[in-house]
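Everything below concerns the one structure shown next.
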Amino acid sequence: MIRIEGLTKEYAGNAVVRDVSMEIEAATITVIVGTSGSGKSTFLRMINRLVEPTKGVVEIDGTDTREMKAYELRRRIGYAIQDHGLFPHWTVARNIATVPKLLGWDRKKIDARVHELLELLQLDPDEIAPRYPHQLSGGQAQRVGVARALAARPDMLLMDEPFGALDPVIRAKAQTDLKSIQDRLGSTILLVTHDMAEAIRLGDRIAVMSEGRVEQLAPPAEILTHPASDNVRNLVGDDDRPFRYLSLIPVSERTEEGTAEGTPIAADRSLYDALAEMIWSGREVLPVVGEDGSARGLVRRGALLDAARSVA
Amino acid sequence: MSRPFVFLLRLALVALVLAFLFVPEAFRPLLEPFAPVGAPAIYDRASLLDLTISHLLIVVAAIVPATLISVALAILVSRPIGAEFLPLSRAIVNIGQTFPPVAVLALAVPVVGFGTWPTLIALFLYGLLPIFENTLAGLTGLQPAVAEAAKGTGMTGRQRLFQVELPLALPVILEGVRISLVIALSTATIGSTVAAKGLGEVIIAGLNSNNLAFVLQGGLLTGALAVILYDGLGEISRMTAARS
């Protein structure tokens, strides 16, 4: 667990981050959302002490981070950034091995770990491991960046706009993949983004930052249904609220008994996806299938609209 | 130009220089028309091979310490702890570059006497600036994301320097060494005016005795060596840069 208390950063008397406190449970994703200049990156960088706090405490599992050497702290915290920051003179394998090497793991253990991580991130180890970063696509480089951050099984993962440089299609895939990796590994993630849709898709909890303060810290549904301030409401976007809300609910929650015709939708997709499919294919009812392809029932357009209306 | 062709051209130049150094007599017919009647066409007061080796040794003896000191200085001033020495270091290496080598020779002779030393000092001072500035540019021109990642992964300052900053700056540093080396190679000919042993001796002898053949062989040899060195180092720096 990470405990943050009264964290403040001032530059020449100007507070960039003001008195931020929060607790982050292990094995959850917390997303910090805010416009540029809201202090969200500075806040994140104070956790691994790339920025030294002016005031306040960060505790990881009860240990005050100020009591550790900064570089030792950073080796315990994975860090992934927007432009991936892969070392251009090292192969993918060497890049991923960065922190294990610094920690003095033996070669065999490192090789096995690199192999394991590349497979976890759906990269072919034989093909990708010997490549140099300039030989990777944007999506591959981003995944290698995440693999490097995860390499030494860190206590937590800090991600600063990790998908910022990706195009929308790859971006959506990268978000889904991150979520499933987090589910599998039970990692604790603190992610910074300016994109509320991304925050809603990924976050177990969302902290909305503005002018250095946290305006609201709550689960996505609550941010949508009960925005604490005008800033939060603006970031959510009033027009999009029903759609954002739909994107949070899995189809399985509104599935009814029965059978329907046509291409089915998977039960773990969101109601938002179901609505899109209905509009696109001109249907009122979609059949629902489970992960194994077995029929689960159907979902009606009326039920979707009811769900969306419940936000208002 | 295609790569095999360039490679052949390099090989031919090296072969030509070696042939001239080992069997200069073979080139007599080519140089004879440029020598005054009755005068020797090939420099005969010392072996051309010895002069070339001595010339190269002086250059290396000046550029190796210039490289070590410039790189060390650039590393120092690119660390937070040495940042305040940046203007001072710049001033020092710039003075080395602004002084004409001839002036350095003239000033150095009364202090260290005639011979190789004044030339070494001049070449050393002259070699500092390109290497210093290039090293500094290489170390400070690191992509921000890479610098951030190096810190964020928990490298210590020393690990960042040796594992990330220097390897990535290497092509730019080599480029600086290359420039200094070529400047030193040509400037070293002036050293013969203060009795340094080198190819300048041949050129000066030619000028004194009005023997164009001497001037040509001294000048062309120096030029050819400069081309070979510049080209070879360029190839090495391309190899180090290929990955980044």
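We name chains A, B, ... following the order of the structure tokens; residues begin at 1 in each chain, and ligands are numbered from 1 as shown.
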**OP:** Counting only C-alpha atoms, collect the residues of chain B whose closest atom lies at most 10 Å from chain A, and write them out as a list in words.
**Re:** Gln143, Pro144, Ala145, Val146, Ala147, Glu148, Ala149, Ala150, Lys151, Gly152, Thr153, Gly154, Met155, Thr156, Gly157, Gln159, Gln163, Val164, Glu165, Pro167, Leu168, Thr240, Ala241, Ala242, Arg243 and Ser244 of chain B
Subject >> Residues near Leu286 of chain A, cut-off 9 Å, only C-alpha atoms, skip fewer than 4 positions along chain, as an MDAnalysis selection string >> reply: chainID A and resid 259:265 274 277:278 297:301
Subject >> atom CA of Val58 of chain A to atom CA of Arg113 of chain A, distance in Å rounded to a single decimal >> reply: 29.3 Å
**OP:** One decimal, Å: what's the distance from atom CA of Leu123 of chain B over to atom CA of Val102 of chain B, could you say?
**Re:** 10.4 Å
Original post:
Neighbours of Ile249 of chain A within 10 Å (only C-alpha atoms; same-chain residues fewer than 6 positions away dropped), as a PyMOL selection string?
Top reply: chain A and resi 221+268-272+304+307-308
Put those residues in a file: C-alpha atoms, as a PDB file, in the first residue's frame.
ATOM      1  CA  ALA A 221     -18.935   5.609 -11.950  1.00  0.00           C
ATOM      2  CA  ASP A 268     -17.403  -8.973 -21.310  1.00  0.00           C
ATOM      3  CA  ARG A 269     -17.649  -6.123 -23.851  1.00  0.00           C
ATOM      4  CA  SER A 270     -19.212  -2.873 -22.626  1.00  0.00           C
ATOM      5  CA  LEU A 271     -22.747  -1.645 -23.194  1.00  0.00           C
ATOM      6  CA  TYR A 272     -21.156   1.168 -25.195  1.00  0.00           C
ATOM      7  CA  LEU A 304     -29.105   0.068 -22.710  1.00  0.00           C
ATOM      8  CA  ALA A 307     -28.833   2.176 -18.084  1.00  0.00           C
ATOM      9  CA  ALA A 308     -27.478   5.331 -19.718  1.00  0.00           C
TER      10      ALA A 308
END
**OP:** Give me the residues within 6 Å of segment 195-202 of chain B as a PyMOL selection string, counting only C-alpha atoms and dropping any in the same chain fewer than 4 places off.
**Re:** chain B and resi 51+54-55+115-116+189+191+214+218
**OP:** Select from segment 72-300 of chain A everything DSSP, run on the backbone, classes as alpha helix (DSSP H), then give the selection as a VMD selection string.
**Re:** chain A and resid 72 to 75 92 to 96 98 to 102 107 to 120 125 to 128 138 to 150 168 to 185 196 to 202 220 to 225 230 to 236 241 to 248 271 to 281
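Closest to Thr54 of chain A among A:Asn14, A:Gln122, A:Ser36, A:Gln216 is A:Asn14, based on only C-alpha atoms.
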Original post:
For Phe162 of chain B, which residue out of B:Leu216, B:Ala46, B:Ile75, B:Ile183 is the nearest one, using only C-alpha atoms?
Top reply: B:Ile75
Subject >> Spatial neighbours of Leu118 of chain A, max dist 12 Å, only C-alpha atoms, sep filter under 6 positions, as a list of chain:residue names >> reply: A:Val92, A:Ala93, A:Asn95, A:Ile96, A:Ala97, A:Asp111, A:Ala112, A:Asp124, A:Pro125, A:Asp126, A:Glu127, A:Ile128, A:Ala129, A:Pro130, A:Gln140, A:Ala141, A:Arg143, A:Val144, A:Gly145, A:Val146, A:Ala147, A:Arg148, A:Leu150, A:Ala151
Store the residues picked out above, limited to N, CA and C atoms, as a PDB file, in the first residue's frame.
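Writing the result to again_22.pdb gives the following:
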ATOM      1  N   VAL A  92      16.452  -4.706 -27.453  1.00  0.00           N
ATOM      2  CA  VAL A  92      15.241  -4.822 -26.641  1.00  0.00           C
ATOM      3  C   VAL A  92      15.529  -5.635 -25.376  1.00  0.00           C
ATOM      4  N   ALA A  93      16.233  -6.761 -25.538  1.00  0.00           N
ATOM      5  CA  ALA A  93      16.518  -7.625 -24.392  1.00  0.00           C
ATOM      6  C   ALA A  93      17.324  -6.869 -23.330  1.00  0.00           C
ATOM      7  N   ASN A  95      17.497  -3.635 -22.941  1.00  0.00           N
ATOM      8  CA  ASN A  95      16.651  -2.587 -22.384  1.00  0.00           C
ATOM      9  C   ASN A  95      15.771  -3.125 -21.262  1.00  0.00           C
ATOM     10  N   ILE A  96      15.138  -4.272 -21.542  1.00  0.00           N
ATOM     11  CA  ILE A  96      14.245  -4.851 -20.525  1.00  0.00           C
ATOM     12  C   ILE A  96      15.052  -5.262 -19.293  1.00  0.00           C
ATOM     13  N   ALA A  97      16.298  -5.675 -19.528  1.00  0.00           N
ATOM     14  CA  ALA A  97      17.144  -6.155 -18.432  1.00  0.00           C
ATOM     15  C   ALA A  97      17.730  -5.024 -17.586  1.00  0.00           C
ATOM     16  N   ASP A 111      17.719 -13.591 -18.380  1.00  0.00           N
ATOM     17  CA  ASP A 111      17.269 -14.075 -19.685  1.00  0.00           C
ATOM     18  C   ASP A 111      15.863 -14.655 -19.599  1.00  0.00           C
ATOM     19  N   ALA A 112      15.634 -15.441 -18.548  1.00  0.00           N
ATOM     20  CA  ALA A 112      14.322 -16.070 -18.390  1.00  0.00           C
ATOM     21  C   ALA A 112      13.243 -15.000 -18.191  1.00  0.00           C
ATOM     22  N   ASP A 124       7.056 -11.601 -29.889  1.00  0.00           N
ATOM     23  CA  ASP A 124       7.793 -12.842 -30.127  1.00  0.00           C
ATOM     24  C   ASP A 124       9.244 -12.679 -29.661  1.00  0.00           C
ATOM     25  N   PRO A 125       9.657 -13.371 -28.588  1.00  0.00           N
ATOM     26  CA  PRO A 125      10.997 -13.146 -28.031  1.00  0.00           C
ATOM     27  C   PRO A 125      12.122 -13.344 -29.049  1.00  0.00           C
ATOM     28  N   ASP A 126      12.011 -14.396 -29.872  1.00  0.00           N
ATOM     29  CA  ASP A 126      13.105 -14.661 -30.810  1.00  0.00           C
ATOM     30  C   ASP A 126      13.252 -13.542 -31.833  1.00  0.00           C
ATOM     31  N   GLU A 127      12.110 -12.961 -32.199  1.00  0.00           N
ATOM     32  CA  GLU A 127      12.145 -11.939 -33.237  1.00  0.00           C
ATOM     33  C   GLU A 127      12.486 -10.567 -32.660  1.00  0.00           C
ATOM     34  N   ILE A 128      11.877 -10.237 -31.516  1.00  0.00           N
ATOM     35  CA  ILE A 128      11.968  -8.866 -30.997  1.00  0.00           C
ATOM     36  C   ILE A 128      13.200  -8.646 -30.101  1.00  0.00           C
ATOM     37  N   ALA A 129      13.563  -9.651 -29.293  1.00  0.00           N
ATOM     38  CA  ALA A 129      14.630  -9.451 -28.302  1.00  0.00           C
ATOM     39  C   ALA A 129      15.931  -8.904 -28.885  1.00  0.00           C
ATOM     40  N   PRO A 130      16.394  -9.392 -30.039  1.00  0.00           N
ATOM     41  CA  PRO A 130      17.681  -8.864 -30.543  1.00  0.00           C
ATOM     42  C   PRO A 130      17.567  -7.547 -31.290  1.00  0.00           C
ATOM     43  N   GLN A 140       5.026  -1.459 -30.497  1.00  0.00           N
ATOM     44  CA  GLN A 140       6.006  -2.406 -29.935  1.00  0.00           C
ATOM     45  C   GLN A 140       6.912  -1.709 -28.936  1.00  0.00           C
ATOM     46  N   ALA A 141       7.398  -0.503 -29.306  1.00  0.00           N
ATOM     47  CA  ALA A 141       8.294   0.234 -28.416  1.00  0.00           C
ATOM     48  C   ALA A 141       7.603   0.529 -27.092  1.00  0.00           C
ATOM     49  N   ARG A 143       5.239  -1.222 -25.689  1.00  0.00           N
ATOM     50  CA  ARG A 143       5.130  -2.450 -24.899  1.00  0.00           C
ATOM     51  C   ARG A 143       6.482  -2.823 -24.290  1.00  0.00           C
ATOM     52  N   VAL A 144       7.556  -2.615 -25.041  1.00  0.00           N
ATOM     53  CA  VAL A 144       8.884  -2.896 -24.488  1.00  0.00           C
ATOM     54  C   VAL A 144       9.149  -1.975 -23.294  1.00  0.00           C
ATOM     55  N   GLY A 145       8.693  -0.709 -23.421  1.00  0.00           N
ATOM     56  CA  GLY A 145       8.837   0.230 -22.313  1.00  0.00           C
ATOM     57  C   GLY A 145       8.127  -0.282 -21.056  1.00  0.00           C
ATOM     58  N   VAL A 146       6.927  -0.850 -21.236  1.00  0.00           N
ATOM     59  CA  VAL A 146       6.186  -1.404 -20.100  1.00  0.00           C
ATOM     60  C   VAL A 146       6.917  -2.633 -19.546  1.00  0.00           C
ATOM     61  N   ALA A 147       7.444  -3.476 -20.461  1.00  0.00           N
ATOM     62  CA  ALA A 147       8.184  -4.662 -20.021  1.00  0.00           C
ATOM     63  C   ALA A 147       9.386  -4.252 -19.181  1.00  0.00           C
ATOM     64  N   ARG A 148      10.093  -3.201 -19.616  1.00  0.00           N
ATOM     65  CA  ARG A 148      11.252  -2.740 -18.851  1.00  0.00           C
ATOM     66  C   ARG A 148      10.826  -2.274 -17.458  1.00  0.00           C
ATOM     67  N   LEU A 150       8.325  -3.351 -15.765  1.00  0.00           N
ATOM     68  CA  LEU A 150       7.867  -4.475 -14.950  1.00  0.00           C
ATOM     69  C   LEU A 150       8.995  -5.436 -14.582  1.00  0.00           C
ATOM     70  N   ALA A 151      10.167  -5.258 -15.216  1.00  0.00           N
ATOM     71  CA  ALA A 151      11.190  -6.315 -15.228  1.00  0.00           C
ATOM     72  C   ALA A 151      11.562  -6.830 -13.840  1.00  0.00           C
TER      73      ALA A 151
END
Picked from segment 12-159 of chain A by DSSP as strand (DSSP E or B), as a short mmCIF file (atom, residue, chain, number, x, y, z; two decimals) with all heavy atoms, in the first residue's frame:
data_model
loop_
_atom_site.label_atom_id
_atom_site.label_comp_id
_atom_site.auth_asym_id
_atom_site.auth_seq_id
_atom_site.Cartn_x
_atom_site.Cartn_y
_atom_site.Cartn_z
N ASN A 14 5.89 29.29 -5.95
CA ASN A 14 4.65 28.90 -6.62
C ASN A 14 4.39 27.42 -6.42
O ASN A 14 5.20 26.59 -6.81
CB ASN A 14 4.74 29.17 -8.12
CG ASN A 14 4.69 30.65 -8.42
OD1 ASN A 14 3.98 31.39 -7.74
ND2 ASN A 14 5.44 31.07 -9.42
N ALA A 15 3.23 27.11 -5.84
CA ALA A 15 2.91 25.70 -5.61
C ALA A 15 2.40 25.08 -6.91
O ALA A 15 1.49 25.60 -7.55
CB ALA A 15 1.87 25.58 -4.52
N VAL A 16 3.04 23.99 -7.31
CA VAL A 16 2.62 23.26 -8.51
C VAL A 16 1.72 22.11 -8.08
O VAL A 16 0.76 21.75 -8.74
CB VAL A 16 3.84 22.73 -9.27
CG1 VAL A 16 3.42 22.05 -10.55
CG2 VAL A 16 4.81 23.84 -9.54
N VAL A 17 2.08 21.51 -6.94
CA VAL A 17 1.24 20.48 -6.33
C VAL A 17 0.98 20.95 -4.90
O VAL A 17 1.91 21.33 -4.19
CB VAL A 17 1.95 19.12 -6.32
CG1 VAL A 17 1.13 18.09 -5.54
CG2 VAL A 17 2.19 18.63 -7.74
N ARG A 18 -0.31 20.98 -4.50
CA ARG A 18 -0.64 21.53 -3.19
C ARG A 18 -1.26 20.47 -2.30
O ARG A 18 -2.37 20.02 -2.57
CB ARG A 18 -1.68 22.64 -3.33
CG ARG A 18 -1.24 23.82 -4.14
CD ARG A 18 -2.50 24.63 -4.47
NE ARG A 18 -2.30 25.35 -5.70
CZ ARG A 18 -2.19 26.68 -5.76
NH1 ARG A 18 -2.28 27.39 -4.69
NH2 ARG A 18 -2.00 27.26 -6.93
N ASP A 19 -0.55 20.09 -1.27
CA ASP A 19 -1.14 19.35 -0.17
C ASP A 19 -2.00 18.17 -0.62
O ASP A 19 -3.16 18.07 -0.27
CB ASP A 19 -1.98 20.34 0.67
CG ASP A 19 -2.34 19.75 2.02
OD1 ASP A 19 -1.61 18.85 2.48
OD2 ASP A 19 -3.36 20.17 2.60
N VAL A 20 -1.42 17.29 -1.41
CA VAL A 20 -2.17 16.14 -1.90
C VAL A 20 -1.99 14.94 -0.96
O VAL A 20 -0.86 14.60 -0.61
CB VAL A 20 -1.71 15.74 -3.33
CG1 VAL A 20 -2.39 14.44 -3.76
CG2 VAL A 20 -2.02 16.86 -4.31
N SER A 21 -3.10 14.35 -0.55
CA SER A 21 -3.04 13.14 0.28
C SER A 21 -3.90 12.07 -0.36
O SER A 21 -4.98 12.37 -0.87
CB SER A 21 -3.57 13.42 1.68
OG SER A 21 -2.82 14.45 2.28
N MET A 22 -3.42 10.86 -0.38
CA MET A 22 -4.27 9.75 -0.81
C MET A 22 -3.62 8.45 -0.40
O MET A 22 -2.43 8.39 -0.08
CB MET A 22 -4.52 9.78 -2.32
CG MET A 22 -3.30 9.58 -3.20
SD MET A 22 -3.74 9.41 -4.94
CE MET A 22 -4.06 11.10 -5.42
N GLU A 23 -4.46 7.40 -0.39
CA GLU A 23 -3.93 6.07 -0.13
C GLU A 23 -4.21 5.22 -1.34
O GLU A 23 -5.29 5.29 -1.91
CB GLU A 23 -4.58 5.47 1.12
CG GLU A 23 -3.98 6.06 2.37
CD GLU A 23 -4.50 5.41 3.64
OE1 GLU A 23 -5.31 4.48 3.53
OE2 GLU A 23 -4.08 5.85 4.72
N ILE A 24 -3.21 4.46 -1.75
CA ILE A 24 -3.38 3.63 -2.94
C ILE A 24 -3.28 2.18 -2.51
O ILE A 24 -2.24 1.74 -2.00
CB ILE A 24 -2.31 3.99 -3.99
CG1 ILE A 24 -2.49 5.45 -4.43
CG2 ILE A 24 -2.41 3.05 -5.19
CD1 ILE A 24 -1.35 5.98 -5.24
N ILE A 29 -5.55 0.03 -10.00
CA ILE A 29 -5.08 1.09 -10.90
C ILE A 29 -5.71 2.40 -10.46
O ILE A 29 -6.93 2.52 -10.37
CB ILE A 29 -5.48 0.82 -12.37
CG1 ILE A 29 -4.93 -0.54 -12.84
CG2 ILE A 29 -4.97 1.94 -13.28
CD1 ILE A 29 -5.19 -0.81 -14.31
N THR A 30 -4.87 3.36 -10.15
CA THR A 30 -5.34 4.71 -9.85
C THR A 30 -4.90 5.61 -10.99
O THR A 30 -3.73 5.61 -11.35
CB THR A 30 -4.74 5.22 -8.53
OG1 THR A 30 -5.04 4.27 -7.50
CG2 THR A 30 -5.29 6.58 -8.17
N VAL A 31 -5.85 6.34 -11.56
CA VAL A 31 -5.51 7.21 -12.68
C VAL A 31 -5.62 8.66 -12.24
O VAL A 31 -6.61 9.05 -11.62
CB VAL A 31 -6.44 6.95 -13.89
CG1 VAL A 31 -6.02 7.83 -15.06
CG2 VAL A 31 -6.41 5.50 -14.29
N ILE A 32 -4.57 9.42 -12.52
CA ILE A 32 -4.60 10.86 -12.24
C ILE A 32 -4.95 11.56 -13.54
O ILE A 32 -4.22 11.43 -14.53
CB ILE A 32 -3.21 11.38 -11.79
CG1 ILE A 32 -2.53 10.41 -10.82
CG2 ILE A 32 -3.31 12.78 -11.24
CD1 ILE A 32 -3.01 10.48 -9.43
N VAL A 33 -6.05 12.28 -13.56
CA VAL A 33 -6.45 13.00 -14.77
C VAL A 33 -6.37 14.49 -14.51
O VAL A 33 -6.69 14.95 -13.42
CB VAL A 33 -7.91 12.71 -15.18
CG1 VAL A 33 -8.14 13.07 -16.63
CG2 VAL A 33 -8.26 11.29 -14.92
N LYS A 55 7.27 19.55 0.63
CA LYS A 55 6.69 19.10 1.90
C LYS A 55 5.95 17.81 1.66
O LYS A 55 5.57 17.51 0.53
CB LYS A 55 5.69 20.16 2.43
CG LYS A 55 6.30 21.26 3.25
CD LYS A 55 5.21 21.97 4.05
CE LYS A 55 4.24 22.69 3.15
NZ LYS A 55 4.24 24.12 3.21
N GLY A 56 5.72 17.07 2.72
CA GLY A 56 4.86 15.90 2.60
C GLY A 56 5.62 14.59 2.64
O GLY A 56 6.84 14.57 2.56
N VAL A 57 4.86 13.52 2.76
CA VAL A 57 5.44 12.20 2.97
C VAL A 57 4.88 11.22 1.95
O VAL A 57 3.69 11.26 1.62
CB VAL A 57 5.08 11.67 4.38
CG1 VAL A 57 5.81 10.37 4.65
CG2 VAL A 57 5.41 12.71 5.43
N VAL A 58 5.73 10.35 1.43
CA VAL A 58 5.28 9.20 0.65
C VAL A 58 5.78 7.95 1.36
O VAL A 58 6.97 7.83 1.63
CB VAL A 58 5.84 9.23 -0.79
CG1 VAL A 58 5.38 7.99 -1.56
CG2 VAL A 58 5.44 10.50 -1.51
N GLU A 59 4.86 7.06 1.69
CA GLU A 59 5.25 5.81 2.35
C GLU A 59 4.86 4.64 1.46
O GLU A 59 3.74 4.56 0.99
CB GLU A 59 4.51 5.67 3.69
CG GLU A 59 5.20 6.35 4.84
CD GLU A 59 4.41 6.20 6.13
OE1 GLU A 59 3.49 5.36 6.17
OE2 GLU A 59 4.71 6.95 7.08
N ILE A 60 5.82 3.74 1.23
CA ILE A 60 5.51 2.51 0.51
C ILE A 60 5.59 1.36 1.50
O ILE A 60 6.64 1.12 2.09
CB ILE A 60 6.50 2.29 -0.65
CG1 ILE A 60 6.38 3.44 -1.65
CG2 ILE A 60 6.23 0.95 -1.33
CD1 ILE A 60 7.30 3.34 -2.83
N THR A 63 7.27 2.24 4.69
CA THR A 63 8.61 2.83 4.69
C THR A 63 8.57 4.22 4.05
O THR A 63 8.07 4.38 2.93
CB THR A 63 9.60 1.96 3.88
OG1 THR A 63 9.39 0.61 4.21
CG2 THR A 63 11.03 2.38 4.15
N ASP A 64 9.07 5.20 4.77
CA ASP A 64 9.16 6.56 4.24
C ASP A 64 10.19 6.57 3.11
O ASP A 64 11.34 6.15 3.30
CB ASP A 64 9.60 7.50 5.36
CG ASP A 64 9.50 8.95 4.94
OD1 ASP A 64 9.60 9.23 3.72
OD2 ASP A 64 9.33 9.82 5.81
N ILE A 77 10.51 0.81 -8.13
CA ILE A 77 9.29 1.35 -8.73
C ILE A 77 9.45 1.35 -10.24
O ILE A 77 10.37 1.95 -10.78
CB ILE A 77 9.05 2.80 -8.25
CG1 ILE A 77 8.88 2.82 -6.73
CG2 ILE A 77 7.85 3.40 -8.94
CD1 ILE A 77 8.68 4.21 -6.17
N GLY A 78 8.56 0.66 -10.94
CA GLY A 78 8.61 0.67 -12.41
C GLY A 78 8.19 2.04 -12.93
O GLY A 78 7.35 2.70 -12.32
N TYR A 79 8.79 2.47 -14.03
CA TYR A 79 8.49 3.79 -14.55
C TYR A 79 8.39 3.72 -16.07
O TYR A 79 9.34 3.34 -16.74
CB TYR A 79 9.62 4.76 -14.12
CG TYR A 79 9.38 6.21 -14.42
CD1 TYR A 79 8.18 6.82 -14.08
CD2 TYR A 79 10.36 6.99 -15.01
CE1 TYR A 79 7.97 8.17 -14.34
CE2 TYR A 79 10.17 8.34 -15.26
CZ TYR A 79 8.97 8.92 -14.92
OH TYR A 79 8.77 10.25 -15.17
N ALA A 80 7.20 4.03 -16.59
CA ALA A 80 7.01 4.02 -18.05
C ALA A 80 6.55 5.40 -18.48
O ALA A 80 5.70 6.00 -17.83
CB ALA A 80 5.97 2.98 -18.44
N ILE A 81 7.14 5.92 -19.57
CA ILE A 81 6.84 7.29 -19.97
C ILE A 81 6.35 7.36 -21.41
O ILE A 81 6.44 6.39 -22.15
CB ILE A 81 8.06 8.21 -19.79
CG1 ILE A 81 9.31 7.58 -20.41
CG2 ILE A 81 8.29 8.48 -18.32
CD1 ILE A 81 10.55 8.43 -20.26
N MET A 156 5.45 -1.05 -7.32
CA MET A 156 4.38 -0.37 -8.03
C MET A 156 4.90 0.15 -9.36
O MET A 156 6.10 0.20 -9.62
CB MET A 156 3.80 0.77 -7.20
CG MET A 156 4.68 2.00 -7.12
SD MET A 156 3.93 3.35 -6.19
CE MET A 156 2.36 3.55 -6.99
N LEU A 157 3.94 0.53 -10.21
CA LEU A 157 4.28 0.98 -11.55
C LEU A 157 3.77 2.41 -11.71
O LEU A 157 2.59 2.67 -11.46
CB LEU A 157 3.58 0.05 -12.54
CG LEU A 157 4.06 -0.03 -13.97
CD1 LEU A 157 5.53 -0.38 -14.00
CD2 LEU A 157 3.24 -1.07 -14.72
N LEU A 158 4.67 3.33 -12.08
CA LEU A 158 4.24 4.69 -12.39
C LEU A 158 4.23 4.84 -13.91
O LEU A 158 5.19 4.46 -14.58
CB LEU A 158 5.23 5.71 -11.80
CG LEU A 158 5.47 5.67 -10.30
CD1 LEU A 158 6.47 6.76 -9.92
CD2 LEU A 158 4.17 5.86 -9.55
N MET A 159 3.14 5.36 -14.45
CA MET A 159 3.06 5.51 -15.90
C MET A 159 2.64 6.94 -16.23
O MET A 159 1.58 7.39 -15.82
CB MET A 159 2.06 4.50 -16.48
CG MET A 159 2.32 3.07 -16.03
SD MET A 159 1.20 1.89 -16.81
CE MET A 159 2.15 1.40 -18.22
#
**OP:** Would you mind reading off the distance between atom CA of Ser78 of chain B and atom CA of Pro53 of chain A, one decimal, in Å?
**Re:** 24.7 Å
**OP:** Within 9 Å of segment 220-236 of chain B, counting only C-alpha atoms, which residues show up once you throw out same-chain ones fewer than 3 positions away? Write them as a ChimeraX atom specification, please.
**Re:** /B:10,13-14,17,20,52,56,171,174-175,177-179,181-183,185-186,189,199-200,215-217,239-241
For the selection just defined, write its residues with N, CA and C atoms to a file, as a tab-separated table (two decimals), in the first residue's frame.
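Result written to out-v2.tsv:
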chain	number	residue	atom	x	y	z
B	10	ARG	N	39.71	3.80	-51.64
B	10	ARG	CA	40.47	3.90	-50.39
B	10	ARG	C	41.70	3.01	-50.44
B	13	LEU	N	44.41	4.37	-52.63
B	13	LEU	CA	45.13	5.50	-52.05
B	13	LEU	C	46.15	5.00	-51.02
B	14	VAL	N	45.72	4.07	-50.16
B	14	VAL	CA	46.64	3.53	-49.17
B	14	VAL	C	47.82	2.84	-49.85
B	17	VAL	N	50.28	5.43	-51.26
B	17	VAL	CA	51.10	6.07	-50.22
B	17	VAL	C	52.19	5.11	-49.76
B	20	PHE	N	54.92	4.74	-52.32
B	20	PHE	CA	55.78	5.93	-52.37
B	20	PHE	C	56.75	5.95	-51.19
B	52	THR	N	57.59	10.43	-42.20
B	52	THR	CA	56.13	10.21	-42.09
B	52	THR	C	55.78	9.64	-40.73
B	56	LEU	N	53.44	11.44	-37.94
B	56	LEU	CA	52.24	10.83	-37.37
B	56	LEU	C	52.35	10.72	-35.84
B	171	PRO	N	29.64	8.77	-31.11
B	171	PRO	CA	29.82	9.18	-32.51
B	171	PRO	C	30.18	10.67	-32.63
B	174	LEU	N	33.80	11.19	-31.44
B	174	LEU	CA	34.74	10.74	-32.47
B	174	LEU	C	34.83	11.74	-33.61
B	175	GLU	N	33.71	12.36	-33.93
B	175	GLU	CA	33.69	13.38	-34.98
B	175	GLU	C	34.62	14.54	-34.59
B	177	VAL	N	37.25	14.32	-32.54
B	177	VAL	CA	38.62	13.82	-32.60
B	177	VAL	C	39.11	13.82	-34.06
B	178	ARG	N	38.18	13.47	-34.94
B	178	ARG	CA	38.51	13.40	-36.36
B	178	ARG	C	38.91	14.79	-36.88
B	179	ILE	N	38.13	15.78	-36.50
B	179	ILE	CA	38.44	17.15	-36.95
B	179	ILE	C	39.81	17.58	-36.41
B	181	LEU	N	42.28	15.79	-35.39
B	181	LEU	CA	43.37	14.99	-35.94
B	181	LEU	C	43.80	15.51	-37.31
B	182	VAL	N	42.83	15.83	-38.14
B	182	VAL	CA	43.15	16.30	-39.49
B	182	VAL	C	43.79	17.69	-39.44
B	183	ILE	N	43.25	18.55	-38.57
B	183	ILE	CA	43.86	19.89	-38.42
B	183	ILE	C	45.30	19.72	-37.95
B	185	LEU	N	47.31	17.18	-38.30
B	185	LEU	CA	48.14	16.56	-39.33
B	185	LEU	C	48.69	17.61	-40.30
B	186	SER	N	47.82	18.55	-40.70
B	186	SER	CA	48.28	19.57	-41.64
B	186	SER	C	49.09	20.64	-40.93
B	189	THR	N	53.04	20.33	-40.20
B	189	THR	CA	54.08	20.66	-41.18
B	189	THR	C	54.80	21.95	-40.79
B	199	LEU	N	57.01	15.85	-42.09
B	199	LEU	CA	56.95	16.04	-43.53
B	199	LEU	C	57.11	17.51	-43.93
B	200	GLY	N	56.92	18.41	-42.96
B	200	GLY	CA	57.11	19.83	-43.25
B	200	GLY	C	58.54	20.10	-43.71
B	215	VAL	N	58.34	20.13	-52.76
B	215	VAL	CA	57.10	20.70	-52.22
B	215	VAL	C	55.93	19.77	-52.52
B	216	LEU	N	55.91	19.27	-53.76
B	216	LEU	CA	54.82	18.39	-54.16
B	216	LEU	C	54.78	17.11	-53.34
B	217	GLN	N	55.94	16.44	-53.19
B	217	GLN	CA	55.89	15.16	-52.47
B	217	GLN	C	55.58	15.34	-51.00
B	239	MET	N	30.11	3.49	-37.78
B	239	MET	CA	29.79	2.19	-37.20
B	239	MET	C	29.19	2.34	-35.79
B	240	THR	N	29.75	3.28	-35.02
B	240	THR	CA	29.22	3.47	-33.66
B	240	THR	C	27.86	4.15	-33.70
B	241	ALA	N	27.61	4.93	-34.77
B	241	ALA	CA	26.35	5.67	-34.82
B	241	ALA	C	25.23	4.83	-35.41
